[in-house]
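Please read the structure below before turning to the comments.
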Amino acid sequence: MIKFKKFLLLFLFASLVVSCTKDTPAGGSSNDGIDRSANLKLTGSSASDLLSDMDYTSMNIEIVYAEGFKPEDDAIKIFRDFLESRVYKPDGINILLRSVKSSGLSPFNNEDLKKVEKDTRTVYNAGDEIAVWIYFADGKKEDDQSNKPTLGTAFRNTSIILYGETIKNYANRNGAPAKALIEAATLNHEFGHLFGLVNLGIEPVSDHEDPNNEKHCVTDKCLMRASLDFGSGVINVIDGQGVPDLDDACKQDLQSAGG
């Protein structure tokens, strides 16, 4: 495994949706000799592995983007800062970006996500290194509603997709936040689900799951709040504090799992 070199306007998007799809376990070893089974589990099931150094002392993040949909440098910086504030990896968080040709599968359904991952993912858990795959797609999610477009999906335990076409379209709207902020908020939110938030792999220390939006936080202005996901109408709030942070209850959950 190659080691890669080491990785705020609070806003509510009334018309944006960050999908939080959970996938089913699948796969195992392939005839190429790579054991993929540790990276094909349920969303949130590797929370402690991602947060602590008990079994994995470093994290390798492979960000693959379709040509023309490279994430903004500022988005990656904000994302790295978020991870470094939440995880303990003494050997570092390593991020590699690379481009690939269009998959031609848009709009994407769950089976399409699995295919894209199989075709483009090259980094898997090995030794004391845990691996995460993130894909910036040149398309959108299947069955998107016009007033609830999906920005990203956390699926499996170490897999995330961001719908680059949807993000780009909204970033180009009048009054919208910068594309980097939309990307960073989506990355952080979806990685929160990989971390097991909320009640998705980590048992909550306190009762803060939104009863009306499961797997999300009930606290206003939290990164894991469902208001970051769902709404209707146009983007209407931009605050001077930047990408939303986790609230104290979510942070306590992560600390209980080794973060």
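Ordered as shown in the structure tokens, chains take letters A, B, and onward, while each chain numbers its residues from 1 and ligands are numbered from 1 in the order shown.
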Open item on the list: Please list as a PyMOL selection string every residue within 12 Å of A:Thr120, counting only C-alpha atoms and excluding residues in the same chain fewer than 4 positions away.
Closed with: chain A and resi 62-66+98-103+113-116+124+133-137+159
Open item on the list: Applying 12 Å and only C-alpha atoms, which residues near A:Pro71 remain after dropping the ones on its own chain fewer than 2 positions away? List them as a ChimeraX atom specification.
Closed with: /A:63-69,73-79,96-99,134-138,162-165,167-168,178-184,186-187
Now that the selection is made, can you save its residues with C-alpha atoms as a compact mmCIF listing (two decimals), in the first residue's frame?
# COMPACT_ATOMS: atom_id res chain seq x y z
CA ILE A 63 -10.67 11.14 -3.92
CA VAL A 64 -11.58 10.21 -7.47
CA TYR A 65 -13.30 12.79 -9.65
CA ALA A 66 -14.81 12.61 -13.11
CA GLU A 67 -13.01 14.89 -15.56
CA GLY A 68 -14.21 18.45 -15.12
CA PHE A 69 -15.44 17.92 -11.56
CA ASP A 73 -8.65 23.26 -3.04
CA ASP A 74 -10.38 25.19 -0.25
CA ALA A 75 -12.94 22.41 0.13
CA ILE A 76 -10.20 19.84 0.63
CA LYS A 77 -8.48 22.08 3.19
CA ILE A 78 -11.68 22.51 5.20
CA PHE A 79 -12.34 18.77 4.96
CA LEU A 96 -4.74 11.59 -3.01
CA LEU A 97 -6.81 13.15 -5.80
CA ARG A 98 -6.97 11.78 -9.32
CA SER A 99 -9.27 12.11 -12.31
CA ILE A 134 -14.74 9.40 -2.25
CA TYR A 135 -16.11 9.96 -5.76
CA PHE A 136 -17.09 13.30 -7.33
CA ALA A 137 -19.52 12.29 -10.04
CA ASP A 138 -20.36 14.05 -13.30
CA LEU A 162 -20.78 13.53 -4.19
CA TYR A 163 -22.98 14.50 -7.12
CA GLY A 164 -20.75 17.05 -8.79
CA GLU A 165 -23.28 18.15 -11.40
CA ILE A 167 -23.25 20.86 -6.61
CA LYS A 168 -21.98 22.84 -9.60
CA ALA A 178 -19.03 29.31 -2.98
CA LYS A 179 -18.69 25.89 -4.55
CA ALA A 180 -15.89 25.10 -2.08
CA LEU A 181 -18.25 25.65 0.88
CA ILE A 182 -20.94 23.42 -0.60
CA GLU A 183 -18.39 20.69 -1.28
CA ALA A 184 -16.83 20.99 2.18
CA THR A 186 -21.21 17.83 2.02
CA LEU A 187 -17.89 16.05 2.61
Open item on the list: Between A:Val132, A:Ala47, A:Ile61, A:Cys222, which residue has the minimum interatomic distance to A:Gly201, considering only C-alpha atoms?
Closed with: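 With only C-alpha atoms as the atom set, the closest residue is A:Ala47.
Contact shell of A:Leu194 at 8 Å (only C-alpha atoms; same-chain neighbours under 4 positions omitted): Thr43, Gly44, Ser45, Ser46, Ala47, Ala154, Asn157, Thr158 and Glu190 of chain A.
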Would you mind exporting all heavy atoms of the selected residues as a PDB file, in the first residue's frame?
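Full text of out.pdb as output:
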ATOM      1  N   THR A  43     -22.715   1.184   6.463  1.00  0.00           N
ATOM      2  CA  THR A  43     -22.365   2.546   6.835  1.00  0.00           C
ATOM      3  C   THR A  43     -22.358   2.696   8.354  1.00  0.00           C
ATOM      4  O   THR A  43     -23.299   2.294   9.030  1.00  0.00           O
ATOM      5  CB  THR A  43     -23.372   3.547   6.246  1.00  0.00           C
ATOM      6  OG1 THR A  43     -23.473   3.336   4.842  1.00  0.00           O
ATOM      7  CG2 THR A  43     -22.949   4.972   6.521  1.00  0.00           C
ATOM      8  N   GLY A  44     -21.290   3.269   8.885  1.00  0.00           N
ATOM      9  CA  GLY A  44     -21.170   3.493  10.319  1.00  0.00           C
ATOM     10  C   GLY A  44     -20.531   2.370  11.088  1.00  0.00           C
ATOM     11  O   GLY A  44     -20.172   2.533  12.256  1.00  0.00           O
ATOM     12  N   SER A  45     -20.343   1.207  10.445  1.00  0.00           N
ATOM     13  CA  SER A  45     -19.828   0.042  11.160  1.00  0.00           C
ATOM     14  C   SER A  45     -18.331   0.130  11.449  1.00  0.00           C
ATOM     15  O   SER A  45     -17.811  -0.635  12.252  1.00  0.00           O
ATOM     16  CB  SER A  45     -20.132  -1.242  10.379  1.00  0.00           C
ATOM     17  OG  SER A  45     -19.470  -1.237   9.125  1.00  0.00           O
ATOM     18  N   SER A  46     -17.622   1.059  10.800  1.00  0.00           N
ATOM     19  CA  SER A  46     -16.181   1.213  11.029  1.00  0.00           C
ATOM     20  C   SER A  46     -15.861   2.505  11.763  1.00  0.00           C
ATOM     21  O   SER A  46     -14.753   3.041  11.646  1.00  0.00           O
ATOM     22  CB  SER A  46     -15.428   1.174   9.689  1.00  0.00           C
ATOM     23  OG  SER A  46     -15.503  -0.103   9.105  1.00  0.00           O
ATOM     24  N   ALA A  47     -16.820   3.008  12.534  1.00  0.00           N
ATOM     25  CA  ALA A  47     -16.636   4.289  13.219  1.00  0.00           C
ATOM     26  C   ALA A  47     -15.377   4.312  14.075  1.00  0.00           C
ATOM     27  O   ALA A  47     -14.539   5.208  13.952  1.00  0.00           O
ATOM     28  CB  ALA A  47     -17.865   4.599  14.073  1.00  0.00           C
ATOM     29  N   ALA A 154     -23.470   8.767   1.658  1.00  0.00           N
ATOM     30  CA  ALA A 154     -22.531   7.883   2.342  1.00  0.00           C
ATOM     31  C   ALA A 154     -23.076   6.468   2.215  1.00  0.00           C
ATOM     32  O   ALA A 154     -24.197   6.198   2.633  1.00  0.00           O
ATOM     33  CB  ALA A 154     -22.404   8.274   3.815  1.00  0.00           C
ATOM     34  N   ASN A 157     -19.148   1.320   4.543  1.00  0.00           N
ATOM     35  CA  ASN A 157     -18.462   1.850   5.724  1.00  0.00           C
ATOM     36  C   ASN A 157     -17.332   2.815   5.409  1.00  0.00           C
ATOM     37  O   ASN A 157     -16.910   3.585   6.274  1.00  0.00           O
ATOM     38  CB  ASN A 157     -17.922   0.705   6.582  1.00  0.00           C
ATOM     39  CG  ASN A 157     -16.977  -0.199   5.807  1.00  0.00           C
ATOM     40  OD1 ASN A 157     -17.155  -0.438   4.612  1.00  0.00           O
ATOM     41  ND2 ASN A 157     -15.964  -0.718   6.470  1.00  0.00           N
ATOM     42  N   THR A 158     -16.839   2.804   4.176  1.00  0.00           N
ATOM     43  CA  THR A 158     -15.733   3.698   3.807  1.00  0.00           C
ATOM     44  C   THR A 158     -15.932   4.254   2.401  1.00  0.00           C
ATOM     45  O   THR A 158     -14.962   4.454   1.667  1.00  0.00           O
ATOM     46  CB  THR A 158     -14.374   2.963   3.883  1.00  0.00           C
ATOM     47  OG1 THR A 158     -14.388   1.837   2.972  1.00  0.00           O
ATOM     48  CG2 THR A 158     -14.072   2.465   5.295  1.00  0.00           C
ATOM     49  N   GLU A 190     -21.261  13.921   5.194  1.00  0.00           N
ATOM     50  CA  GLU A 190     -21.277  12.504   4.838  1.00  0.00           C
ATOM     51  C   GLU A 190     -20.234  11.715   5.627  1.00  0.00           C
ATOM     52  O   GLU A 190     -20.472  10.570   6.011  1.00  0.00           O
ATOM     53  CB  GLU A 190     -21.056  12.341   3.333  1.00  0.00           C
ATOM     54  CG  GLU A 190     -22.155  12.913   2.463  1.00  0.00           C
ATOM     55  CD  GLU A 190     -23.541  12.371   2.803  1.00  0.00           C
ATOM     56  OE1 GLU A 190     -23.649  11.219   3.298  1.00  0.00           O
ATOM     57  OE2 GLU A 190     -24.524  13.097   2.604  1.00  0.00           O
TER      58      GLU A 190
END
Task: Distance of atom CA of A:His208 from atom CA of A:Arg86, expressed in Å to one decimal place - done: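 Rounded to one decimal, the two atoms are 18.9 Å apart.
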Task: Every residue of stretch 11-252 of chain A that DSSP places in alpha helix (DSSP H), as a ChimeraX atom specification - done: /A:47-51,73-86,110-120,164-171,179-194,248-252
- [ ] Would you please work out which residue, of A:Gly33, A:Pro177, A:Gly127, A:Gly259, is nearest to A:Asn60 when using only C-alpha atoms?
- [x]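 Of A:Gly33, A:Pro177, A:Gly127, A:Gly259, the one nearest A:Asn60, counting only C-alpha atoms, is A:Gly127.
Residues in contact with stretch 48-52 of chain A at up to 7 Å, not including ones fewer than 4 positions away on its chain and judged by only C-alpha atoms, are Tyr56, Val87, Tyr88, Lys89, Phe195, Ala257, Gly258 and Gly259 of chain A.
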- [ ] For atom CA of A:Ser106 and atom CA of A:Met224, quote the distance in Å rounded to one decimal.
- [x]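 According to the coordinates, atom CA of A:Ser106 and atom CA of A:Met224 are separated by 26.9 Å.
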Task: Point-to-point distance in Å for atom CA of A:Asp112 and atom CA of A:Gln145 - done: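 Atom-to-atom, atom CA of A:Gln145 to atom CA of A:Asp112, that is 18.7 Å.
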Open item on the list: Which residues are close to A:Glu203, i.e. within 9 Å by only C-alpha atoms, leaving aside same-chain residues fewer than 4 positions away? Reply as a list of chain:residue names.
Closed with: A:Gly196, A:Leu197, A:Val198, A:Asn199, A:Asp253, A:Ser256, A:Ala257
Restricting it to C-alpha atoms, dump the selection as a short mmCIF file (atom, residue, chain, number, x, y, z; two decimals), in the first residue's frame.
data_model
loop_
_atom_site.label_atom_id
_atom_site.label_comp_id
_atom_site.auth_asym_id
_atom_site.auth_seq_id
_atom_site.Cartn_x
_atom_site.Cartn_y
_atom_site.Cartn_z
CA GLY A 196 -21.48 6.52 12.92
CA LEU A 197 -23.51 9.70 13.45
CA VAL A 198 -26.24 9.89 14.54
CA ASN A 199 -27.07 6.51 16.10
CA ASP A 253 -20.45 10.43 20.64
CA SER A 256 -16.87 7.67 23.17
CA ALA A 257 -15.71 5.73 20.09
#
TODO: DSSP on the backbone, then: every residue of stretch 6-253 of chain A marked strand (DSSP E), written as a PyMOL selection string.
DONE: chain A and resi 11-12+17-19+58-66+93-100+129-137+150-155+159-163+237-238
Task: Nearest candidate to A:Leu254 (options A:Ser206, A:Asn147, A:Asn110, A:Ser58; using only C-alpha atoms) - done: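 Looking at the shortest contact to A:Leu254, the residue is A:Ser206.
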